[in-house]
$ cat coords-v2.tsv   # TSV, C-alpha atoms and all ligand atoms
chain	number	residue	atom	x	y	z
A	1	MET	CA	-17.72	-9.50	-8.16
A	2	LYS	CA	-19.28	-7.54	-10.98
A	3	ILE	CA	-17.06	-6.71	-13.93
A	4	SER	CA	-18.74	-4.58	-16.60
A	5	ASN	CA	-19.44	-6.04	-20.04
A	6	GLU	CA	-17.26	-3.36	-21.61
A	7	ILE	CA	-14.25	-4.52	-19.62
A	8	ILE	CA	-14.94	-8.15	-20.48
A	9	ASN	CA	-15.26	-7.29	-24.18
A	10	PHE	CA	-12.04	-5.30	-24.33
A	11	LEU	CA	-10.02	-7.62	-22.14
A	12	PRO	CA	-8.23	-9.53	-24.94
A	13	GLU	CA	-7.15	-6.21	-26.46
A	14	ILE	CA	-6.00	-4.79	-23.12
A	15	LYS	CA	-4.04	-7.97	-22.45
A	16	ASN	CA	-2.29	-7.49	-25.80
A	17	TRP	CA	-1.35	-3.94	-24.80
A	18	ARG	CA	0.09	-5.29	-21.57
A	19	HIS	CA	2.22	-7.79	-23.46
A	20	GLU	CA	3.37	-5.16	-25.97
A	21	LEU	CA	4.36	-2.88	-23.11
A	22	HIS	CA	6.12	-5.76	-21.39
A	23	SER	CA	8.26	-6.48	-24.43
A	24	HIS	CA	9.27	-2.77	-24.74
A	25	PRO	CA	10.59	-1.88	-21.29
A	26	GLU	CA	12.21	1.54	-20.93
A	27	LEU	CA	14.12	3.02	-18.00
A	28	GLY	CA	13.19	6.20	-16.13
A	29	TYR	CA	12.91	9.34	-18.31
A	30	GLU	CA	13.61	7.25	-21.41
A	31	GLU	CA	9.98	6.13	-21.85
A	32	GLU	CA	9.70	7.51	-25.42
A	33	TRP	CA	8.17	4.43	-27.02
A	34	THR	CA	5.91	3.89	-24.03
A	35	SER	CA	4.64	7.46	-23.80
A	36	ASN	CA	3.95	7.46	-27.57
A	37	PHE	CA	2.06	4.18	-27.15
A	38	VAL	CA	0.02	5.68	-24.31
A	39	ALA	CA	-0.65	8.94	-26.18
A	40	GLU	CA	-1.76	7.15	-29.35
A	41	LYS	CA	-4.13	4.92	-27.44
A	42	LEU	CA	-5.65	7.84	-25.50
A	43	GLU	CA	-6.09	9.84	-28.72
A	44	SER	CA	-7.80	6.88	-30.37
A	45	PHE	CA	-10.37	6.94	-27.51
A	46	GLY	CA	-11.03	10.64	-28.20
A	47	ILE	CA	-9.18	11.74	-25.06
A	48	GLU	CA	-7.27	15.05	-25.02
A	49	VAL	CA	-3.55	14.29	-24.60
A	50	HIS	CA	-0.74	16.37	-23.09
A	51	LYS	CA	2.80	15.02	-23.46
A	52	GLY	CA	6.17	16.00	-22.09
A	53	LEU	CA	5.36	16.62	-18.41
A	54	GLY	CA	8.36	15.55	-16.35
A	55	LYS	CA	10.12	14.82	-19.67
A	56	THR	CA	8.22	11.68	-20.73
A	57	GLY	CA	5.04	11.90	-18.64
A	58	VAL	CA	1.60	11.97	-20.28
A	59	VAL	CA	-1.73	13.35	-19.02
A	60	GLY	CA	-5.06	12.44	-20.65
A	61	VAL	CA	-8.09	14.64	-19.98
A	62	LEU	CA	-11.61	13.18	-20.15
A	63	LYS	CA	-14.66	15.23	-19.30
A	64	GLY	CA	-17.98	13.72	-18.27
A	65	ILE	CA	-21.07	13.52	-20.46
A	66	ASN	CA	-22.62	16.81	-19.29
A	67	ALA	CA	-19.56	18.93	-20.10
A	68	ASN	CA	-20.70	19.64	-23.70
A	69	GLN	CA	-24.06	20.96	-22.50
A	70	GLY	CA	-22.28	23.55	-20.41
A	71	GLY	CA	-23.22	21.58	-17.32
A	72	GLY	CA	-21.12	19.02	-15.58
A	73	GLY	CA	-19.50	19.25	-12.22
A	74	ASN	CA	-16.31	21.13	-11.52
A	75	LYS	CA	-14.85	18.28	-9.56
A	76	ALA	CA	-11.77	16.61	-11.00
A	77	ILE	CA	-9.74	13.59	-9.97
A	78	GLY	CA	-6.37	12.21	-11.08
A	79	LEU	CA	-5.67	8.51	-11.58
A	80	ARG	CA	-2.00	7.65	-11.79
A	81	ALA	CA	0.01	4.82	-13.34
A	82	ASP	CA	3.79	4.48	-13.62
A	83	MET	CA	5.45	3.52	-16.92
A	84	ASP	CA	9.14	2.78	-16.26
A	85	ALA	CA	11.03	-0.50	-16.16
A	86	LEU	CA	14.09	-1.70	-14.21
A	87	PRO	CA	17.75	-2.10	-15.20
A	88	MET	CA	17.85	-5.91	-15.08
A	89	THR	CA	17.78	-8.74	-17.61
A	90	GLU	CA	14.60	-10.80	-17.87
A	91	GLU	CA	14.90	-14.56	-17.44
A	92	ASN	CA	11.42	-15.46	-18.67
A	93	GLU	CA	11.03	-17.31	-21.95
A	94	PHE	CA	7.50	-16.42	-23.11
A	95	SER	CA	6.76	-14.78	-26.47
A	96	TYR	CA	6.40	-11.25	-25.08
A	97	LYS	CA	9.57	-11.22	-22.97
A	98	SER	CA	11.72	-8.08	-22.99
A	99	LYS	CA	13.34	-7.35	-26.34
A	100	PHE	CA	16.22	-5.66	-24.53
A	101	GLU	CA	19.14	-6.96	-22.53
A	102	GLY	CA	19.35	-5.13	-19.19
A	103	ARG	CA	15.82	-3.74	-19.20
A	104	MET	CA	12.77	-5.42	-17.74
A	105	HIS	CA	9.25	-4.70	-16.52
A	106	ALA	CA	9.85	-6.48	-13.21
A	107	CYS	CA	7.62	-4.27	-11.08
A	108	GLY	CA	4.43	-4.59	-13.13
A	109	HIS	CA	4.34	-1.00	-14.38
A	110	ASP	CA	3.38	-2.51	-17.77
A	111	GLY	CA	0.26	-3.84	-16.03
A	112	HIS	CA	-0.40	-0.52	-14.27
A	113	THR	CA	-0.17	1.33	-17.59
A	114	ALA	CA	-2.41	-1.21	-19.37
A	115	MET	CA	-5.02	-1.05	-16.57
A	116	LEU	CA	-5.18	2.75	-16.63
A	117	LEU	CA	-5.43	2.70	-20.44
A	118	GLY	CA	-8.19	0.10	-20.12
A	119	ALA	CA	-10.07	2.33	-17.67
A	120	ALA	CA	-9.62	5.31	-20.02
A	121	LYS	CA	-11.04	3.30	-22.91
A	122	VAL	CA	-14.05	2.03	-20.95
A	123	LEU	CA	-14.83	5.43	-19.39
A	124	SER	CA	-14.49	7.20	-22.76
A	125	LEU	CA	-17.35	5.12	-24.25
A	126	LYS	CA	-20.22	6.59	-22.23
A	127	ARG	CA	-18.48	9.27	-20.18
A	128	ASP	CA	-21.18	8.58	-17.60
A	129	PHE	CA	-19.69	10.64	-14.81
A	130	ASP	CA	-19.90	14.29	-13.83
A	131	GLY	CA	-16.62	16.23	-13.84
A	132	THR	CA	-13.13	15.60	-15.17
A	133	VAL	CA	-10.81	12.61	-15.00
A	134	TYR	CA	-7.07	13.15	-15.49
A	135	PHE	CA	-5.19	10.01	-16.49
A	136	ILE	CA	-1.63	10.51	-15.23
A	137	PHE	CA	1.09	8.33	-16.76
A	138	GLN	CA	4.30	9.13	-14.94
A	139	PRO	CA	7.91	8.33	-15.81
A	140	ALA	CA	10.74	7.20	-13.56
A	141	GLU	CA	9.03	5.80	-10.47
A	142	GLU	CA	11.98	3.48	-9.77
A	143	GLY	CA	14.21	5.97	-8.00
A	144	GLY	CA	14.06	8.81	-10.53
A	145	GLY	CA	11.27	10.80	-8.90
A	146	GLY	CA	9.18	11.13	-12.07
A	147	GLY	CA	6.10	11.99	-10.02
A	148	LEU	CA	7.91	14.95	-8.50
A	149	ALA	CA	9.18	15.97	-11.96
A	150	MET	CA	5.59	16.15	-13.25
A	151	ILE	CA	4.54	18.24	-10.23
A	152	GLU	CA	7.52	20.57	-10.76
A	153	ASP	CA	6.48	20.90	-14.40
A	154	GLY	CA	3.19	22.38	-13.18
A	155	MET	CA	0.91	19.36	-13.49
A	156	PHE	CA	-1.39	20.40	-10.64
A	157	GLU	CA	-1.62	23.99	-11.92
A	158	GLN	CA	-2.29	22.93	-15.52
A	159	PHE	CA	-4.72	20.20	-14.46
A	160	PRO	CA	-6.33	21.32	-11.20
A	161	MET	CA	-7.63	18.23	-9.43
A	162	ASP	CA	-9.29	17.65	-6.09
A	163	SER	CA	-7.70	14.30	-5.34
A	164	VAL	CA	-5.16	11.77	-6.67
A	165	TRP	CA	-5.35	7.99	-6.65
A	166	GLY	CA	-2.73	5.29	-7.08
A	167	MET	CA	-2.47	1.52	-7.27
A	168	HIS	CA	0.30	-1.09	-7.20
A	169	ASN	CA	0.00	-4.78	-7.93
A	170	TRP	CA	1.03	-6.80	-4.89
A	171	PRO	CA	2.35	-10.34	-5.40
A	172	GLY	CA	1.99	-12.51	-2.32
A	173	MET	CA	-1.45	-11.05	-1.62
A	174	GLU	CA	-4.31	-13.16	-2.97
A	175	GLU	CA	-6.00	-12.27	-6.25
A	176	ARG	CA	-9.31	-10.48	-5.74
A	177	THR	CA	-8.10	-8.84	-2.57
A	178	VAL	CA	-7.12	-5.23	-1.99
A	179	ALA	CA	-5.19	-3.56	0.83
A	180	VAL	CA	-5.94	0.01	1.85
A	181	HIS	CA	-3.80	1.67	4.52
A	182	LYS	CA	-5.41	4.52	6.39
A	183	GLY	CA	-2.07	6.28	6.94
A	184	SER	CA	1.51	5.36	6.03
A	185	VAL	CA	1.64	2.75	3.29
A	186	MET	CA	5.23	2.97	2.00
A	187	ALA	CA	8.42	4.13	3.70
A	188	ALA	CA	10.66	7.13	3.17
A	189	ALA	CA	13.85	5.94	1.49
A	190	ASP	CA	16.91	8.04	2.28
A	191	ARG	CA	20.55	7.44	1.43
A	192	PHE	CA	23.67	8.22	3.44
A	193	GLU	CA	27.26	8.75	2.40
A	194	VAL	CA	29.89	9.01	5.11
A	195	THR	CA	33.62	9.64	4.88
A	196	VAL	CA	35.68	8.91	7.98
A	197	ASN	CA	38.90	10.90	7.84
A	198	GLY	CA	41.81	9.72	9.95
A	199	SER	CA	45.53	9.82	9.49
A	200	GLY	CA	47.22	6.96	7.72
A	201	GLY	CA	50.61	5.39	8.07
A	202	HIS	CA	52.55	2.16	8.43
A	203	ALA	CA	50.41	-0.75	9.60
A	204	ALA	CA	53.28	-1.82	11.86
A	205	MET	CA	53.22	1.54	13.68
A	206	PRO	CA	49.55	2.13	14.48
A	207	GLN	CA	50.46	4.44	17.37
A	208	ALA	CA	51.39	7.08	14.79
A	209	THR	CA	48.00	6.92	13.05
A	210	ASN	CA	44.29	7.54	13.64
A	211	ASP	CA	42.86	4.46	12.00
A	212	PRO	CA	39.70	5.23	9.94
A	213	VAL	CA	39.05	1.49	9.34
A	214	LEU	CA	38.74	0.81	13.06
A	215	ALA	CA	36.59	3.95	13.48
A	216	THR	CA	34.31	2.86	10.64
A	217	THR	CA	33.75	-0.63	12.04
A	218	ALA	CA	32.92	0.95	15.41
A	219	ILE	CA	30.48	3.36	13.74
A	220	VAL	CA	28.72	0.55	11.88
A	221	GLN	CA	28.28	-1.31	15.18
A	222	ALA	CA	27.16	1.80	17.03
A	223	LEU	CA	24.55	2.59	14.38
A	224	GLN	CA	22.72	-0.62	15.34
A	225	GLN	CA	21.55	1.07	18.51
A	226	ILE	CA	19.31	3.43	16.51
A	227	VAL	CA	16.82	0.66	15.82
A	228	SER	CA	17.42	-1.42	18.96
A	229	ARG	CA	17.73	1.32	21.63
A	230	LYS	CA	16.59	4.70	20.32
A	231	GLN	CA	13.46	3.64	18.51
A	232	ASN	CA	9.91	2.86	19.63
A	233	PRO	CA	9.71	-0.84	18.70
A	234	LEU	CA	6.23	-0.25	17.22
A	235	ASP	CA	7.52	2.39	14.80
A	236	SER	CA	9.57	0.61	12.12
A	237	VAL	CA	12.99	1.87	11.09
A	238	VAL	CA	15.72	0.32	8.95
A	239	VAL	CA	19.37	1.47	8.98
A	240	SER	CA	21.46	-0.63	6.58
A	241	VAL	CA	25.13	-0.06	5.78
A	242	THR	CA	25.57	-1.66	2.37
A	243	GLN	CA	29.03	-0.74	1.15
A	244	ILE	CA	32.36	0.07	2.83
A	245	ASN	CA	35.49	1.15	0.97
A	246	ALA	CA	38.94	1.72	2.45
A	247	GLY	CA	42.58	1.00	1.99
A	248	SER	CA	45.06	0.06	-0.72
A	249	GLY	CA	47.41	-2.55	0.78
A	250	PHE	CA	47.93	-4.99	3.65
A	251	ASN	CA	50.62	-2.91	5.35
A	252	ILE	CA	49.08	0.54	5.00
A	253	ILE	CA	46.64	2.17	7.37
A	254	PRO	CA	44.61	4.36	5.01
A	255	GLN	CA	43.89	8.04	5.32
A	256	LYS	CA	40.14	7.61	5.08
A	257	ALA	CA	37.25	5.15	4.81
A	258	ASP	CA	33.87	5.62	3.11
A	259	PHE	CA	30.57	3.88	3.65
A	260	ILE	CA	27.08	4.20	2.21
A	261	GLY	CA	23.66	2.73	2.89
A	262	THR	CA	19.99	3.48	3.40
A	263	ILE	CA	17.60	4.67	6.12
A	264	ARG	CA	13.90	3.72	5.88
A	265	THR	CA	11.17	5.18	8.08
A	266	ILE	CA	7.37	5.22	7.97
A	267	ASN	CA	6.77	8.29	10.12
A	268	PRO	CA	7.92	11.77	9.01
A	269	ASP	CA	8.87	12.86	12.58
A	270	THR	CA	10.83	9.66	13.13
A	271	ARG	CA	12.57	10.29	9.84
A	272	ILE	CA	13.93	13.63	11.11
A	273	ASN	CA	14.94	12.13	14.49
A	274	VAL	CA	16.73	9.18	12.90
A	275	HIS	CA	18.70	11.46	10.57
A	276	LYS	CA	19.93	13.40	13.60
A	277	GLN	CA	20.75	10.26	15.62
A	278	PHE	CA	22.59	8.87	12.62
A	279	THR	CA	24.69	12.00	12.19
A	280	ASP	CA	25.43	12.30	15.93
A	281	ILE	CA	26.55	8.67	16.23
A	282	CYS	CA	28.81	8.89	13.18
A	283	GLU	CA	30.44	12.14	14.30
A	284	ALA	CA	30.85	11.27	17.99
A	285	THR	CA	32.09	7.73	17.41
A	286	ALA	CA	34.61	8.91	14.83
A	287	LEU	CA	35.87	11.46	17.33
A	288	ALA	CA	36.40	8.77	19.96
A	289	TYR	CA	38.84	7.14	17.51
A	290	GLY	CA	40.65	10.35	16.70
A	291	CYS	CA	38.89	10.66	13.33
A	292	VAL	CA	36.38	13.07	11.82
A	293	ALA	CA	33.23	11.87	10.07
A	294	ASP	CA	31.88	13.85	7.15
A	295	VAL	CA	28.18	12.83	7.00
A	296	SER	CA	25.60	13.43	4.26
A	297	VAL	CA	22.06	12.12	4.53
A	298	ILE	CA	20.41	12.55	1.14
A	299	LYS	CA	16.64	12.58	1.21
A	300	GLY	CA	14.89	10.24	-1.20
A	301	TYR	CA	11.15	9.60	-1.54
A	302	PRO	CA	9.14	10.79	1.45
A	303	VAL	CA	6.78	8.54	3.42
A	304	THR	CA	3.73	7.66	1.30
A	305	ILE	CA	0.82	8.67	3.52
A	306	ASN	CA	-2.76	7.99	2.50
A	307	HIS	CA	-5.38	10.53	3.51
A	308	ALA	CA	-8.10	9.28	5.86
A	309	ASP	CA	-11.25	10.33	3.97
A	310	GLU	CA	-9.97	9.18	0.57
A	311	SER	CA	-8.87	5.85	2.07
A	312	GLU	CA	-12.39	5.33	3.41
A	313	LYS	CA	-13.68	5.99	-0.12
A	314	ALA	CA	-11.16	3.54	-1.58
A	315	ILE	CA	-12.31	0.94	0.96
A	316	GLU	CA	-15.94	1.58	0.00
A	317	VAL	CA	-15.25	1.21	-3.73
A	318	ALA	CA	-13.08	-1.89	-3.27
A	319	SER	CA	-15.66	-3.44	-0.91
A	320	SER	CA	-18.45	-2.88	-3.42
A	321	LEU	CA	-16.39	-4.76	-6.03
A	322	PHE	CA	-14.55	-7.43	-4.08
A	323	GLY	CA	-16.68	-7.81	-0.93
A	324	ALA	CA	-15.78	-6.22	2.40
A	325	GLU	CA	-14.04	-9.41	3.59
A	326	SER	CA	-11.52	-9.09	0.71
A	327	VAL	CA	-10.42	-5.57	1.62
A	328	LYS	CA	-7.57	-5.60	4.13
A	329	THR	CA	-7.27	-2.44	6.19
A	330	ASN	CA	-4.83	-3.53	8.89
A	331	LEU	CA	-1.69	-4.56	7.00
A	332	SER	CA	1.67	-3.11	8.03
A	333	PRO	CA	3.24	-0.62	5.63
A	334	SER	CA	5.99	-1.78	3.28
A	335	MET	CA	9.57	-0.56	3.90
A	336	GLY	CA	9.83	-0.09	0.11
A	337	ALA	CA	9.28	3.42	-1.23
A	338	GLU	CA	6.99	4.97	-3.82
A	339	ASP	CA	7.17	8.37	-5.47
A	340	PHE	CA	3.37	8.73	-5.49
A	341	ALA	CA	4.26	10.08	-2.01
A	342	TYR	CA	5.00	13.47	-3.62
A	343	MET	CA	1.53	13.66	-5.16
A	344	LEU	CA	-0.06	12.73	-1.82
A	345	GLU	CA	1.92	15.54	-0.17
A	346	LYS	CA	0.14	18.01	-2.49
A	347	LYS	CA	-3.33	16.50	-2.89
A	348	PRO	CA	-5.59	14.26	-0.84
A	349	GLY	CA	-5.77	10.71	-2.12
A	350	SER	CA	-5.12	7.06	-1.50
A	351	TYR	CA	-2.77	4.42	-2.88
A	352	ILE	CA	-3.92	0.82	-2.74
A	353	TRP	CA	-2.28	-2.58	-3.16
A	354	LEU	CA	-4.04	-4.86	-5.61
A	355	GLY	CA	-3.56	-8.53	-4.69
A	356	ALA	CA	-1.65	-10.25	-7.50
A	357	GLY	CA	-1.65	-13.79	-6.12
A	358	GLU	CA	1.40	-16.01	-5.96
A	359	GLY	CA	2.25	-15.18	-9.57
A	360	LYS	CA	4.05	-17.40	-12.02
A	361	SER	CA	6.60	-19.49	-10.13
A	362	GLY	CA	5.86	-17.35	-7.08
A	363	CYS	CA	8.09	-14.49	-8.16
A	364	MET	CA	7.94	-11.24	-6.26
A	365	LEU	CA	8.53	-7.72	-7.56
A	366	HIS	CA	12.02	-6.97	-8.97
A	367	ASN	CA	12.73	-10.67	-9.60
A	368	THR	CA	14.21	-11.63	-13.00
A	369	LYS	CA	11.34	-14.11	-13.50
A	370	TYR	CA	8.52	-11.87	-12.34
A	371	ASP	CA	5.63	-11.20	-14.71
A	372	PHE	CA	2.52	-9.09	-14.09
A	373	ASN	CA	-0.47	-11.35	-13.41
A	374	ASP	CA	-2.96	-10.76	-16.25
A	375	ASN	CA	-5.80	-12.19	-14.13
A	376	VAL	CA	-5.88	-8.95	-12.17
A	377	LEU	CA	-6.20	-6.66	-15.22
A	378	PRO	CA	-10.04	-6.62	-15.10
A	379	LEU	CA	-9.97	-6.12	-11.32
A	380	GLY	CA	-7.75	-3.05	-11.46
A	381	ILE	CA	-9.75	-1.59	-14.36
A	382	SER	CA	-13.00	-2.17	-12.46
A	383	TYR	CA	-11.57	-0.38	-9.44
A	384	TRP	CA	-10.66	2.66	-11.56
A	385	GLU	CA	-14.05	2.64	-13.29
A	386	GLN	CA	-16.01	2.38	-10.02
A	387	LEU	CA	-13.81	4.94	-8.30
A	388	VAL	CA	-14.58	7.49	-11.04
A	389	LYS	CA	-18.31	6.79	-10.88
A	390	SER	CA	-18.30	7.03	-7.12
A	391	GLU	CA	-16.13	10.20	-6.90
A	392	LEU	CA	-17.81	11.93	-9.85
A	393	PRO	CA	-21.41	10.68	-9.71
A	394	LEU	CA	-23.90	11.78	-12.37
A	395	ARG	CA	-26.53	14.01	-10.87
A	401	ZN	ZN	9.58	-1.39	-8.28
A	402	ZN	ZN	6.56	-0.50	-8.86

$ encode --input "coords-v2.tsv" --output "structure tokens"
Amino acid sequence: MKISNEIINFLPEIKNWRHELHSHPELGYEEEWTSNFVAEKLESFGIEVHKGLGKTGVVGVLKGINANQGGGGNKAIGLRADMDALPMTEENEFSYKSKFEGRMHACGHDGHTAMLLGAAKVLSLKRDFDGTVYFIFQPAEEGGGGGLAMIEDGMFEQFPMDSVWGMHNWPGMEERTVAVHKGSVMAAADRFEVTVNGSGGHAAMPQATNDPVLATTAIVQALQQIVSRKQNPLDSVVVSVTQINAGSGFNIIPQKADFIGTIRTINPDTRINVHKQFTDICEATALAYGCVADVSVIKGYPVTINHADESEKAIEVASSLFGAESVKTNLSPSMGAEDFAYMLEKKPGSYIWLGAGEGKSGCMLHNTKYDFNDNVLPLGISYWEQLVKSELPLR
């Protein structure tokens, strides 16, 4: 594993940035302190900074060494990090723990931001590549669709790039390993809201009612057949009902019942089919109980699908750094979701998992005791550095 001297020299500083970011977590679209921090750092490296894309997003523009001579390639790539934190209270006790109750960097976006800043710093020293690197710092990855907001603000028109690249730290996967999926890597995450309308009345006279509680329990049972009977067992699907609300008293059959939950799929065609099966089962089952189901399926993040050629390049770069045996290419996708999916719908690219080891006390993402593993900072920075040199080689 070769880590450049520049990265080794700057590592203590980059680690400090990571800790500063960790202690200042901000929720989606509120990343004011964070985006100022990022912008100031980029400016101090001599990188052109554009703020305010997707409200709090930041893009840094760095051109290769030949750009000033009128030469330089026209190729451009985008490297993306996410900046937002989660609405939860940290239970760690170290010096750089969150300063704020109810806000925490529990997904490692502090580490992602620090690694991309580190790569920007190292690449800005010699600019020994040919073309343009866009450093994309996006807001609101955790459910707010900040990546989409930047695209809708014209990011790809303002900063035309040939490909986009992403990375997420992955606890539970050994340090110094990388996973690259050659297709789907993260699931589509959709939400449903259903109201089952019946007719209420006295609980002692059910014959005069159409009971929405009974209909709802039947629907929840019937929905289980989507995964068990309608689905190819090799194509993963999740249908989870997570909340049911009905009724106001022990002797009243209510007028209606509501339930909500989530559908996860890793194949865009399956996603469409499952939405239809879901709606059909809700409506038909309700009808069998004399009720009417009002169904909304609200689309969330799409499936995150890596592009084949770019994934091969990611594998090449990671193999050159970590050794081919440390690059996993056959892992199953995660049923979690990722809004880098929107960028990959517009541009070719690849999103990798960076092994983060067992972590302190073995905590996984979104745990109140999770902390980004600083050991992987130089590994992620090296990946970015090598990716730029390999995608934008000096001629
Ligand atoms: Zn997360
Ligand atoms: Zn995350």

$ residues_around --input "coords-v2.tsv" --residues "segment 150-158 of chain A" --least-positions-apart "4" --cutoff "10 Å" --atoms "only C-alpha atoms" --output "PDB file with C-alpha atoms, keeping the file's coordinate frame"
ATOM      1  CA  GLY A  52       6.170  16.000 -22.090  1.00  0.00           C
ATOM      2  CA  LEU A  53       5.360  16.620 -18.410  1.00  0.00           C
ATOM      3  CA  GLY A  54       8.360  15.550 -16.350  1.00  0.00           C
ATOM      4  CA  LYS A  55      10.120  14.820 -19.670  1.00  0.00           C
ATOM      5  CA  THR A  56       8.220  11.680 -20.730  1.00  0.00           C
ATOM      6  CA  GLY A  57       5.040  11.900 -18.640  1.00  0.00           C
ATOM      7  CA  VAL A  58       1.600  11.970 -20.280  1.00  0.00           C
ATOM      8  CA  VAL A  59      -1.730  13.350 -19.020  1.00  0.00           C
ATOM      9  CA  GLY A  78      -6.370  12.210 -11.080  1.00  0.00           C
ATOM     10  CA  ILE A 136      -1.630  10.510 -15.230  1.00  0.00           C
ATOM     11  CA  PHE A 137       1.090   8.330 -16.760  1.00  0.00           C
ATOM     12  CA  GLN A 138       4.300   9.130 -14.940  1.00  0.00           C
ATOM     13  CA  PRO A 139       7.910   8.330 -15.810  1.00  0.00           C
ATOM     14  CA  GLY A 145      11.270  10.800  -8.900  1.00  0.00           C
ATOM     15  CA  GLY A 146       9.180  11.130 -12.070  1.00  0.00           C
ATOM     16  CA  ASP A 162      -9.290  17.650  -6.090  1.00  0.00           C
ATOM     17  CA  TYR A 342       5.000  13.470  -3.620  1.00  0.00           C
ATOM     18  CA  MET A 343       1.530  13.660  -5.160  1.00  0.00           C
ATOM     19  CA  LYS A 346       0.140  18.010  -2.490  1.00  0.00           C
ATOM     20  CA  LYS A 347      -3.330  16.500  -2.890  1.00  0.00           C
TER      21      LYS A 347
END

$ closest_residue --input "coords-v2.tsv" --among "A:Lys41, A:Arg127, A:Arg264, A:His19" --to "Phe94 of chain A" --atoms "only C-alpha atoms"
A:His19

$ atom_distance --input "coords-v2.tsv" --atom1 "atom CA of Met167 of chain A" --atom2 "atom CA of Pro348 of chain A"
14.6 Å

$ atom_distance --input "coords-v2.tsv" --atom1 "atom CA of Met186 of chain A" --atom2 "atom CA of Pro268 of chain A"
11.6 Å

$ axis_aligned_box --input "coords-v2.tsv" --around "segment 261-270 of chain A" --padding-each-side "5 Å" --output "JSON"
{"center_x": 15.2, "center_y": 7.8, "center_z": 8.0, "size_x": 26.9, "size_y": 20.1, "size_z": 20.2}

$ residues_near_ligand --input "coords-v2.tsv" --ligand "ligand ZN 401 (chain A)" --cutoff "8 Å" --atoms "all atoms listed in the file" --output "list in words"
Leu86, Ala106, Cys107, Gly108, Glu141, Glu142, Leu365 and His366 of chain A

$ write_last_selection --input "coords-v2.tsv" --atoms "C-alpha atoms" --output "mmCIF file, in the coordinates of the input"
data_model
loop_
_atom_site.group_PDB
_atom_site.id
_atom_site.type_symbol
_atom_site.label_atom_id
_atom_site.label_comp_id
_atom_site.auth_asym_id
_atom_site.auth_seq_id
_atom_site.Cartn_x
_atom_site.Cartn_y
_atom_site.Cartn_z
ATOM 1 C CA LEU A 86 14.090 -1.700 -14.210
ATOM 2 C CA ALA A 106 9.850 -6.480 -13.210
ATOM 3 C CA CYS A 107 7.620 -4.270 -11.080
ATOM 4 C CA GLY A 108 4.430 -4.590 -13.130
ATOM 5 C CA GLU A 141 9.030 5.800 -10.470
ATOM 6 C CA GLU A 142 11.980 3.480 -9.770
ATOM 7 C CA LEU A 365 8.530 -7.720 -7.560
ATOM 8 C CA HIS A 366 12.020 -6.970 -8.970
#

$ residues_near_ligand --input "coords-v2.tsv" --ligand "ligand ZN 402 (chain A)" --cutoff "12 Å" --atoms "only C-alpha atoms and all ligand atoms" --output "ChimeraX atom specification"
/A:28,81-86,104-113,138-143,166-171,186,336-340,353-354,364-367,372

$ residues_around --input "coords-v2.tsv" --residues "segment 294-308 of chain A" --least-positions-apart "3" --cutoff "7 Å" --atoms "only C-alpha atoms" --output "tab-separated table (two decimals) with C-alpha atoms, in the coordinates of the input"
chain	number	residue	atom	x	y	z
A	181	HIS	CA	-3.80	1.67	4.52
A	182	LYS	CA	-5.41	4.52	6.39
A	183	GLY	CA	-2.07	6.28	6.94
A	184	SER	CA	1.51	5.36	6.03
A	185	VAL	CA	1.64	2.75	3.29
A	186	MET	CA	5.23	2.97	2.00
A	187	ALA	CA	8.42	4.13	3.70
A	188	ALA	CA	10.66	7.13	3.17
A	189	ALA	CA	13.85	5.94	1.49
A	190	ASP	CA	16.91	8.04	2.28
A	191	ARG	CA	20.55	7.44	1.43
A	192	PHE	CA	23.67	8.22	3.44
A	193	GLU	CA	27.26	8.75	2.40
A	194	VAL	CA	29.89	9.01	5.11
A	195	THR	CA	33.62	9.64	4.88
A	196	VAL	CA	35.68	8.91	7.98
A	266	ILE	CA	7.37	5.22	7.97
A	267	ASN	CA	6.77	8.29	10.12
A	268	PRO	CA	7.92	11.77	9.01
A	275	HIS	CA	18.70	11.46	10.57
A	279	THR	CA	24.69	12.00	12.19
A	311	SER	CA	-8.87	5.85	2.07
A	312	GLU	CA	-12.39	5.33	3.41
A	337	ALA	CA	9.28	3.42	-1.23
A	338	GLU	CA	6.99	4.97	-3.82
A	339	ASP	CA	7.17	8.37	-5.47
A	340	PHE	CA	3.37	8.73	-5.49
A	341	ALA	CA	4.26	10.08	-2.01
A	344	LEU	CA	-0.06	12.73	-1.82
A	348	PRO	CA	-5.59	14.26	-0.84
A	349	GLY	CA	-5.77	10.71	-2.12
A	350	SER	CA	-5.12	7.06	-1.50
A	351	TYR	CA	-2.77	4.42	-2.88

$ atom_distance --input "coords-v2.tsv" --atom1 "atom CA of Gly200 of chain A" --atom2 "atom CA of Ala215 of chain A"
12.5 Å

$ residues_around --input "coords-v2.tsv" --residues "Gly201 of chain A" --least-positions-apart "5" --cutoff "6 Å" --atoms "all atoms listed in the file" --output "list in words"
Thr209, Ile252 and Ile253 of chain A

$ closest_residue --input "coords-v2.tsv" --among "A:Lys313, A:Lys230, A:Arg18, A:Lys256" --to "Ile281 of chain A" --atoms "all atoms listed in the file"
A:Lys230

$ closest_residue --input "coords-v2.tsv" --among "A:Ala286, A:Val237, A:Pro12, A:Asp258" --to "Ile272 of chain A" --atoms "only C-alpha atoms"
A:Val237

$ residues_around --input "coords-v2.tsv" --residues "Gly73 of chain A" --least-positions-apart "5" --cutoff "8 Å" --atoms "only C-alpha atoms" --output "PDB file with C-alpha atoms, in the frame of the given file"
ATOM      1  CA  ALA A  67     -19.560  18.930 -20.100  1.00  0.00           C
ATOM      2  CA  ASP A 130     -19.900  14.290 -13.830  1.00  0.00           C
ATOM      3  CA  GLY A 131     -16.620  16.230 -13.840  1.00  0.00           C
ATOM      4  CA  THR A 132     -13.130  15.600 -15.170  1.00  0.00           C
ATOM      5  CA  LEU A 392     -17.810  11.930  -9.850  1.00  0.00           C
TER       6      LEU A 392
END
